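Data block below; observations after.
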Amino acid sequence: MSELRVEAMAAAELSRRAAAQVAQGARLAGLFALPRGAELELTALLFAGGELVGLRAAVAPGDGYPSLTRRVPAAHWYEREIHDLHGIVPAGHPRLEPLVRHADGDLLAERGGLEHRGHERLGGPGVFLIPYGPVRSGVFEAAQFLVQTSGEDVAYCAQRLFFKRRGAERRICEVPLEQAVLVAERVSGTASVAHAIAFAQAVEALAAIEAPPRARAARSLLAELERLHNHTEVIVRECEDAALTVAQASFAALKERLHRLAAELTGSRFLRGVVVPGGIACDLEPDALARLPAALAEWRRDYAASLGLLMRTDSFLDRLITAGPLSEADARDFACVGPVARASGVDLDVRRDLPYAAYDPGAIEPPLGRDGDAMARLEVRFAEIEASLALAGQLAASLPAGPLSLPLPPLAREEAVGCAEAPRGELVYYLRAAGERALAACRIRTPSLANFGVFNRLFEGQVLTDFAFIEHSLGLSPAGCDR
Amino acid sequence: MIRWLWHGLAAPRLTSRYPRRAEPAPAGFRGRAVLAGAPSREQAAAAAAACLPGALAADGARLRLDAARCIGCGLCVRAVSGGPLRMEPRLELAARERASLLATSPPEAAERGRELPPPRRLPRPLRRSIHIRHVDTGSDGAIEQEIAALLNPYYDMQRLGLFFTATPRHADVLLVTGPVTAAMEGYLLRTYEAMPEPRLVVAAGTDACSGGIWSGPETRGGVDSVLPVDVYVPGDPPPPIALLHGLLLAAGRAAPAGPPVAEGAR
């Protein structure tokens with residue numbers, strides 16, 4: 001990863017320039033505000049021409065700037081978050097209601113419905129509202145989905161998140177630099193490796209070092225194992241939704257095997273505590289590493305047997321095909337990332353576009369879907385599971401020898417970004433240094449934050465009974481979104 | 001469907017016999033840090049400085065360890081190699097009181113023979129069939145997957161009479177994850193109020209037990225700052241066996257874990 005190249009400009013210019021770049025094919029990869037002295041600085045991250053660049057403008061607190069959302073829909077949540085947290089008004093934002101802030105005691109039933117949050121309340125005979133969550137049936141993370149229906153068709157769906165906001169970005173800067181990676185690992189606990197890698201790479205960019213080869217290969221290996229258990233989780237959830245008990249049990253058992261391999265390899269079922277700025281904190285357990293290629297081959301055999309059966313189960317396929325389609329235009333407009341974007345035909349993958357760790361950009365071929373429906377999202381994951389198995393097997397068999405980590409020199413640069421392809425898609429850490437050994441600011445653009453904004457659009461014209469299939473096909477992490 | 005039936009019948013039996021047969025942790029598993037001997041003044045200070053969630057506190061040449069705050073990262077053990085701390089590869093970590101998860105090295109006089117109030121228990125007729133309502137108050141998302149794993153063929157918690165229920169009105173146990181965020185506090189209290197008596201609260205995960213690594217205006221610092229907690233299940237996240245142990249402890253069908261002191265040093 002690299003130092004961030006930033007271009008400063010006036011606030012009015014920022015919106016215009018960002019919109020012009022997006023019109024020419026750039027992708028908005030984040031928009032955030034940070035205090036600098038008495039002023040606030042607005043930074044837009046754009047992925048353009050094979051690199052991440054920043055556009056920056058100073059804004060006085062309480063002041064405004066022309067909203068980007070009308071021209072770049074992907075900015076809609078970022079601008080609401082900035083408004084909530086810093087009071088900067090994006091003038092002309094189509095729906096500037098609270099996003100991140102929940103008023104104290106903000107219980108839906110007590111406040112008499114949705115009006116106070118500005119969601120549209122539909123009229124008409126027999127239309128009713130299902131407030132689904134944040135305490136939902138089953139074991140789920142806290143998030144709320146407000147579904148308005150007249151019985152079968154979903155007339156309007158709105159997602160409410162940020163129930164789980166823990167202040168991770170602030171916490172990362174508060175704690176000693178050598179412990180901050182522990183916070184990053186727990187932003188989205190199912191993607192600990194990706195978060196640790198993105199954070200570590202951003203710190204390494206600040207310190208102008210690169211992790212040694214063995215550490216880079218180990219990072220790639222762990223990231224692929226993490227992708228495997230996350231993608232398998234999506235299959236388990238979809239089988240559960242289709243009430244395929246045996247299929248659910250088969251894939252859940254496969255997922256458990258991955259966690260057991262992870263525990264043998266790293267001492268943690270979620271692969272935590274290995275990736276640190278400078279390299280890796282400890283070596284992978286040698287016996288478990290030696291057994292890994294064979295264990296993955298055996299895993300693949302059992303997985304292929306269950307998958308073959310699943311793909312011949314009409315009652316499963318019927319529920320997924322055409323469910324919750326996301327058009328390529330929407331996926332691009334809202335700057336979706338990861339398997340969700342790829343299933344709609346958007347060709348992106350951080351491992352190829354901004355190569356890091358031990359990835360060979362020439363060897364990464366992102367699988368692309370055409371239909372953008374729940375089936376396409378699942379098929380993209382099937383293809384990625386195959387690719388991850390092959391990659392993890394190769395890496396485990398040929399981990400280069402050498403030092404595990406480099407001592408972290410004083411932070412020489414002022415700001416940097418670190419990116420990784422998390423199981424859910426592109427993950428971006430922006431860090432600003434405060435002196436030689438501390439961080440002044442951190443912003444995390446998780447793939448779930450990028451993808452949750454498009455959630456409601458997938459339900460247009462869908463039926464209520466497909467809700468769970470569509471939701472789980474996205475495979476999002478409320479913890480990651482809320483931070 | 002008949003093919004799935006055949007597939008299921010052909011699959012080997014995977015289910016753990018826990019708790020009738022012990023389920024050892026994998027070698028090298030980082031369960032929690034334990035005190036293994038008296039530290040020097042420098043070691044105590046170094047270990048406490050290396051602990052992000054504040055599980056370790058140094059008082060001169062004495063170390064205080066709060067297992068309800070330990071995230072099992074192992075940084076303390078690395079900071080004082082070969083000394084007063086080691087990692088314990090243990091899965092059963094649940095306890096009924098926060099106080100029984102505390103230890104000091106060398107031990108303080110007050111620690112021995114401490115009287116604890118009698119714990120709330122489910123009445124005997126209710127112990128064989130426990131219905132659980134889960135509420136997430138800001139976890140990192142991994143523990144939800146570990147809880148869901150209790151239903152996979154390896155753990156199959158229903159064989160022990162443990163069930164998830166959709167409504168708090170049918171629940172005996174409230175299983176709470178996360179450090180209790182400001183936005184979830186009201187929902188947590190309402191869920192608890194909707195439960196019939198007798199009801200028990202299980203705080204699952206280090207962040208639910210103590211707030212863990214989080215501090216600041218967004219979080220309340222653990223479930224027991226909002227609700228009476230009956231069982232603490234530390235772990236980051238606690239693996240399925242640890243969760244099973246916590247639920248069985250709530251039901252009065254398992255023994256609690258001891259304080260975080262190494263086997264030899266007790």
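Chain labels run A, B, ... following the order of the structure tokens; each chain numbers its residues from 1, and ligands are numbered from 1 in the order shown.
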Could you tell me which residues of chain A sit within 6 Å of chain B when counting only C-alpha atoms, and give me the result as a PyMOL selection string?
chain A and resi 102+105+135+137+141-142+163-164+166+186-190+246+249+252+267+273+479
Find the residues near Glu97 (chain B): any atom within 8 Å, counting only C-alpha atoms, skip ones fewer than 6 places away on the same chain, and give them as a PDB file with N, CA and C atoms, in the first residue's frame.
ATOM      1  N   ASP B 230     -26.332 -13.613  35.498  1.00  0.00           N
ATOM      2  CA  ASP B 230     -26.240 -14.841  36.279  1.00  0.00           C
ATOM      3  C   ASP B 230     -25.055 -15.699  35.886  1.00  0.00           C
ATOM      4  N   VAL B 231     -24.687 -15.654  34.592  1.00  0.00           N
ATOM      5  CA  VAL B 231     -23.529 -16.433  34.150  1.00  0.00           C
ATOM      6  C   VAL B 231     -22.688 -15.579  33.206  1.00  0.00           C
ATOM      7  N   TYR B 232     -21.383 -15.573  33.457  1.00  0.00           N
ATOM      8  CA  TYR B 232     -20.426 -14.892  32.587  1.00  0.00           C
ATOM      9  C   TYR B 232     -19.704 -15.937  31.744  1.00  0.00           C
TER      10      TYR B 232
END
To one decimal in Å, tell me the separation between CA of Leu126 (chain B) and CA of Pro198 (chain B).
9.4 Å
Grab the CA of Gly212 (chain B) to CA of Ala416 (chain A) distance for me, in Å with one decimal place.
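Interatomic distance here is 28.4 Å.
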Can you tell me, as a CSV table (one decimal) with N, CA and C atoms, in the first residue's frame, which residues in region 324-462 of chain A count as helix (DSSP H, G or I) by DSSP?
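Now in result19.csv:
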chain,number,residue,atom,x,y,z
A,328,GLU,N,-26.5,-4.0,-13.0
A,328,GLU,CA,-25.1,-3.6,-13.0
A,328,GLU,C,-25.1,-2.1,-12.9
A,329,ALA,N,-26.1,-1.4,-13.4
A,329,ALA,CA,-26.1,0.1,-13.3
A,329,ALA,C,-26.2,0.5,-11.8
A,330,ASP,N,-27.1,-0.2,-11.1
A,330,ASP,CA,-27.2,0.2,-9.6
A,330,ASP,C,-25.9,-0.2,-8.9
A,331,ALA,N,-25.3,-1.3,-9.2
A,331,ALA,CA,-24.1,-1.8,-8.5
A,331,ALA,C,-23.0,-0.7,-8.8
A,332,ARG,N,-22.9,-0.2,-10.0
A,332,ARG,CA,-21.9,0.9,-10.3
A,332,ARG,C,-22.3,2.2,-9.6
A,333,ASP,N,-23.6,2.6,-9.7
A,333,ASP,CA,-24.0,3.9,-9.2
A,333,ASP,C,-23.7,3.9,-7.7
A,338,GLY,N,-17.2,-6.3,-3.8
A,338,GLY,CA,-17.1,-7.7,-3.4
A,338,GLY,C,-18.0,-8.6,-4.2
A,339,PRO,N,-18.4,-9.7,-3.7
A,339,PRO,CA,-19.2,-10.7,-4.4
A,339,PRO,C,-20.5,-10.1,-4.9
A,340,VAL,N,-21.1,-9.1,-4.1
A,340,VAL,CA,-22.3,-8.5,-4.5
A,340,VAL,C,-22.2,-7.8,-5.9
A,341,ALA,N,-21.1,-7.0,-6.0
A,341,ALA,CA,-20.8,-6.2,-7.2
A,341,ALA,C,-20.5,-7.2,-8.4
A,342,ARG,N,-19.6,-8.2,-8.0
A,342,ARG,CA,-19.2,-9.1,-9.1
A,342,ARG,C,-20.3,-9.9,-9.7
A,343,ALA,N,-21.3,-10.2,-8.8
A,343,ALA,CA,-22.4,-11.0,-9.3
A,343,ALA,C,-23.3,-10.2,-10.3
A,350,VAL,N,-9.6,-6.2,-5.1
A,350,VAL,CA,-8.5,-5.5,-4.6
A,350,VAL,C,-7.2,-6.3,-4.8
A,351,ARG,N,-7.3,-7.7,-4.7
A,351,ARG,CA,-6.1,-8.5,-4.8
A,351,ARG,C,-5.5,-8.3,-6.2
A,352,ARG,N,-6.3,-8.0,-7.2
A,352,ARG,CA,-5.7,-7.7,-8.6
A,352,ARG,C,-5.5,-6.3,-8.8
A,353,ASP,N,-6.4,-5.4,-8.3
A,353,ASP,CA,-6.3,-4.0,-8.7
A,353,ASP,C,-5.3,-3.2,-7.9
A,361,PRO,N,-1.2,-10.4,-9.2
A,361,PRO,CA,-2.3,-9.9,-9.8
A,361,PRO,C,-2.7,-10.6,-11.1
A,362,GLY,N,-1.7,-11.2,-11.8
A,362,GLY,CA,-2.0,-11.9,-13.0
A,362,GLY,C,-2.8,-13.2,-12.8
A,363,ALA,N,-2.7,-13.7,-11.6
A,363,ALA,CA,-3.3,-15.0,-11.3
A,363,ALA,C,-4.7,-14.9,-10.7
A,374,ALA,N,-29.8,-13.4,-6.4
A,374,ALA,CA,-29.3,-14.2,-5.2
A,374,ALA,C,-28.5,-15.4,-5.7
A,375,MET,N,-29.0,-16.0,-6.8
A,375,MET,CA,-28.2,-17.2,-7.4
A,375,MET,C,-26.9,-16.8,-7.9
A,376,ALA,N,-26.8,-15.6,-8.6
A,376,ALA,CA,-25.6,-15.2,-9.1
A,376,ALA,C,-24.6,-14.9,-8.0
A,377,ARG,N,-25.1,-14.3,-6.9
A,377,ARG,CA,-24.2,-14.0,-5.8
A,377,ARG,C,-23.7,-15.2,-5.2
A,378,LEU,N,-24.5,-16.3,-5.1
A,378,LEU,CA,-24.1,-17.5,-4.6
A,378,LEU,C,-23.0,-18.2,-5.5
A,379,GLU,N,-23.3,-18.1,-6.8
A,379,GLU,CA,-22.4,-18.8,-7.8
A,379,GLU,C,-21.0,-18.1,-7.8
A,380,VAL,N,-21.0,-16.8,-7.6
A,380,VAL,CA,-19.7,-16.1,-7.5
A,380,VAL,C,-19.0,-16.6,-6.3
A,381,ARG,N,-19.7,-16.9,-5.2
A,381,ARG,CA,-19.0,-17.4,-4.0
A,381,ARG,C,-18.5,-18.8,-4.2
A,382,PHE,N,-19.3,-19.6,-4.9
A,382,PHE,CA,-18.8,-21.0,-5.2
A,382,PHE,C,-17.5,-20.9,-6.0
A,383,ALA,N,-17.4,-20.0,-7.0
A,383,ALA,CA,-16.2,-19.9,-7.8
A,383,ALA,C,-15.1,-19.4,-6.9
A,384,GLU,N,-15.4,-18.5,-6.0
A,384,GLU,CA,-14.3,-17.9,-5.1
A,384,GLU,C,-13.8,-19.0,-4.1
A,385,ILE,N,-14.7,-19.9,-3.7
A,385,ILE,CA,-14.3,-20.9,-2.8
A,385,ILE,C,-13.3,-21.8,-3.5
A,386,GLU,N,-13.6,-22.2,-4.8
A,386,GLU,CA,-12.6,-23.0,-5.5
A,386,GLU,C,-11.3,-22.3,-5.7
A,387,ALA,N,-11.3,-21.0,-6.0
A,387,ALA,CA,-10.1,-20.2,-6.2
A,387,ALA,C,-9.3,-20.1,-4.9
A,388,SER,N,-10.1,-19.9,-3.8
A,388,SER,CA,-9.4,-19.7,-2.5
A,388,SER,C,-8.8,-21.1,-2.0
A,389,LEU,N,-9.5,-22.2,-2.3
A,389,LEU,CA,-8.9,-23.5,-2.0
A,389,LEU,C,-7.6,-23.7,-2.7
A,390,ALA,N,-7.6,-23.4,-4.0
A,390,ALA,CA,-6.4,-23.6,-4.8
A,390,ALA,C,-5.2,-22.7,-4.3
A,391,LEU,N,-5.6,-21.5,-4.0
A,391,LEU,CA,-4.6,-20.5,-3.6
A,391,LEU,C,-4.0,-20.9,-2.2
A,392,ALA,N,-4.9,-21.2,-1.3
A,392,ALA,CA,-4.5,-21.6,0.1
A,392,ALA,C,-3.6,-22.8,0.1
A,393,GLY,N,-4.0,-23.8,-0.8
A,393,GLY,CA,-3.2,-25.0,-0.9
A,393,GLY,C,-1.8,-24.7,-1.3
A,394,GLN,N,-1.7,-23.9,-2.4
A,394,GLN,CA,-0.4,-23.5,-2.9
A,394,GLN,C,0.4,-22.8,-1.9
A,395,LEU,N,-0.2,-21.8,-1.2
A,395,LEU,CA,0.5,-21.0,-0.3
A,395,LEU,C,1.0,-21.8,0.9
A,396,ALA,N,0.2,-22.7,1.4
A,396,ALA,CA,0.6,-23.5,2.5
A,396,ALA,C,1.7,-24.4,2.2
A,397,ALA,N,1.8,-24.9,0.9
A,397,ALA,CA,2.8,-25.8,0.5
A,397,ALA,C,4.1,-25.1,0.2
A,447,PRO,N,-16.6,-3.1,3.5
A,447,PRO,CA,-17.5,-3.5,2.4
A,447,PRO,C,-19.0,-3.5,2.8
A,448,SER,N,-19.3,-3.8,4.0
A,448,SER,CA,-20.7,-3.8,4.4
A,448,SER,C,-21.3,-2.4,4.4
A,449,LEU,N,-20.5,-1.4,4.8
A,449,LEU,CA,-20.9,0.0,4.7
A,449,LEU,C,-21.2,0.3,3.2
A,450,ALA,N,-20.3,-0.1,2.3
A,450,ALA,CA,-20.5,0.2,0.9
A,450,ALA,C,-21.8,-0.5,0.4
A,451,ASN,N,-22.0,-1.7,0.8
A,451,ASN,CA,-23.1,-2.5,0.2
A,451,ASN,C,-24.5,-2.3,0.9
A,452,PHE,N,-24.5,-1.9,2.2
A,452,PHE,CA,-25.8,-1.9,2.9
A,452,PHE,C,-26.7,-0.8,2.3
A,455,PHE,N,-29.3,-2.0,-0.1
A,455,PHE,CA,-30.2,-3.1,0.4
A,455,PHE,C,-31.6,-2.9,0.0
A,456,ASN,N,-32.2,-1.8,0.2
A,456,ASN,CA,-33.7,-1.6,0.0
A,456,ASN,C,-34.0,-1.7,-1.5
A,457,ARG,N,-33.1,-1.4,-2.4
A,457,ARG,CA,-33.3,-1.5,-3.8
A,457,ARG,C,-33.6,-2.9,-4.3
A,458,LEU,N,-33.0,-3.9,-3.6
A,458,LEU,CA,-33.1,-5.2,-4.0
A,458,LEU,C,-34.5,-5.8,-3.8
A,459,PHE,N,-35.3,-5.1,-3.0
A,459,PHE,CA,-36.6,-5.6,-2.7
A,459,PHE,C,-37.7,-5.1,-3.6
So what do you get for CA of Ala47 (chain B) versus CA of Val77 (chain B), distance-wise?
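Rounded to one decimal, the two atoms are 7.3 Å apart.
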DSSP on the backbone, then: every residue of region 164-282 of chain A marked strand (DSSP E), written as a list in words.
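Result set for region 164-282 of chain A (strand (DSSP E)): Val275, Val276, Gly279 and Ile280 of chain A.
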Where does region 269-332 of chain A meet region 225-244 of chain A within 12 Å, residue by residue, with the nearest atom pair and distance in Å to one decimal for each, counting only C-alpha atoms, listed by chain and rising number, as a tab-separated table?
residue	atom	partner	partner_atom	distance
A:Arg269	CA	A:Glu226	CA	10.0
A:Phe270	CA	A:Glu226	CA	7.6
A:Leu271	CA	A:Glu226	CA	7.6
A:Arg272	CA	A:Glu226	CA	10.4
A:Leu292	CA	A:Leu225	CA	10.5
A:Pro293	CA	A:Leu225	CA	11.7
A:Leu296	CA	A:Leu225	CA	9.7
A:Trp299	CA	A:Leu228	CA	10.8
A:Arg300	CA	A:Leu228	CA	10.7
A:Tyr303	CA	A:Thr232	CA	9.5
A:Ser306	CA	A:Ile235	CA	10.9
A:Leu307	CA	A:Ile235	CA	9.5
A:Leu309	CA	A:Leu244	CA	11.4
A:Leu310	CA	A:Cys239	CA	8.8
A:Met311	CA	A:Cys239	CA	11.5
A:Thr313	CA	A:Leu244	CA	9.5
A:Asp314	CA	A:Ala242	CA	10.7
A:Ser315	CA	A:Ala242	CA	7.5
A:Phe316	CA	A:Ala242	CA	6.0
A:Leu317	CA	A:Ala242	CA	9.4
A:Asp318	CA	A:Ala242	CA	9.8
A:Arg319	CA	A:Ala242	CA	7.5
A:Leu320	CA	A:Glu238	CA	8.8
Skip region 248-263 of chain B itself and residues of its chain fewer than 6 positions away, then list as a ChimeraX atom specification all residues within 8 Å of it, counting only C-alpha atoms.
/B:32-36,65-67,86,88,92-96,100-103,121-122,127-128,130,200,202,230-231
